[in-house]
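Heads up: the structure comes next, in structure tokens.
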Amino acid sequence: MEAGATGAYGVALAGGGFDPVSFLKRPQTVVRILGWVAAMVVFACITGEGYVNSLHDPQARCVFNKSDSACHYAVGVGIIAFLACMAFLLADAYMPFMSNAQDRKKIVAADLIFSGVWTFLWFVCFCLLANLWSKTTDTNGIPADAVHATVAFSFFSIAAFLQLRQETAIINQNVQRDQLLLKKAQECKDAKQCLGVMVIENEVEAFMSSDKEMMACQPT
């Protein structure tokens, strides 16, 4: 078996190690990296070129119809998604080596909830930015490429986090299955131990009974 392989319950096999190539080839890892890149592009474009000032207004305003709240929303969603993708990426790398099934279950559940919530937030972000950009009339001095990249990668983030949620749901099913198998294996082990104790007790009782019968048969 290859190094870095994991057991049925997520515990690393003896002598196994972390295989970065196999880890990077996992569908969940690929999708998470794509979501990480998309989030970075969104908040980087807005923080870098998302605010411009006009000849009539010296104060820099958001390029999306001068709605500063829209820019703040997109930056907030993007930064949190960027940081969360990094955190969950590290958790993905470490999780196969975790022996506690409950800890793995909590991480997968948190990932499942986060990816679902952020899919919705990215959808709101895309609709908001696309709608405001369509209403923007004064485009003088606005970097159109940055605006288009922001809107496009907001849409890509929807697809990335939606796919990420599906991949996480599959992992969640596997974790629950492994936890059930572990529970059944433990119950079977306990049952065998109890059965072994009962067999020993029965043998002792049978031996003591036969010993008493032999003593009773001996002449006084």
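Following the order of the structure tokens, chains are lettered A, B, ..., residues in each are numbered from 1, and ligands are numbered from 1.
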
Got a sec: who's within 7 Å of segment 117-127 of chain A, counting only C-alpha atoms, leaving out chain neighbours fewer than 4 positions off, as a list in words?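 After dropping sequence-adjacent residues, the list is Ala74, Ile113, Asn131, Val151, Ser154, Phe155, Ser157, Ile158, Phe161 and Leu162 of chain A.
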
Tell me, as a VMD selection string, which residues lie within 10 Å of segment 63-71 of chain A, counting only C-alpha atoms; anything in the same chain fewer than 5 positions away does not count. chain A and resid 42 to 43 46 to 47 49 to 53 76 to 77 125 128 to 139 141 to 144 146 to 147

Can you tell me which residues surround segment 81-95 of chain A at a distance of at most 10 Å, considering only C-alpha atoms, apart from same-chain residues fewer than 4 positions away, and format the answer as a PyMOL selection string? chain A and resi 10-12+18-20+23-24+28-29+31-43+75-77+99-101+103-105+107-108+110-111+114-115+118+122+157+161
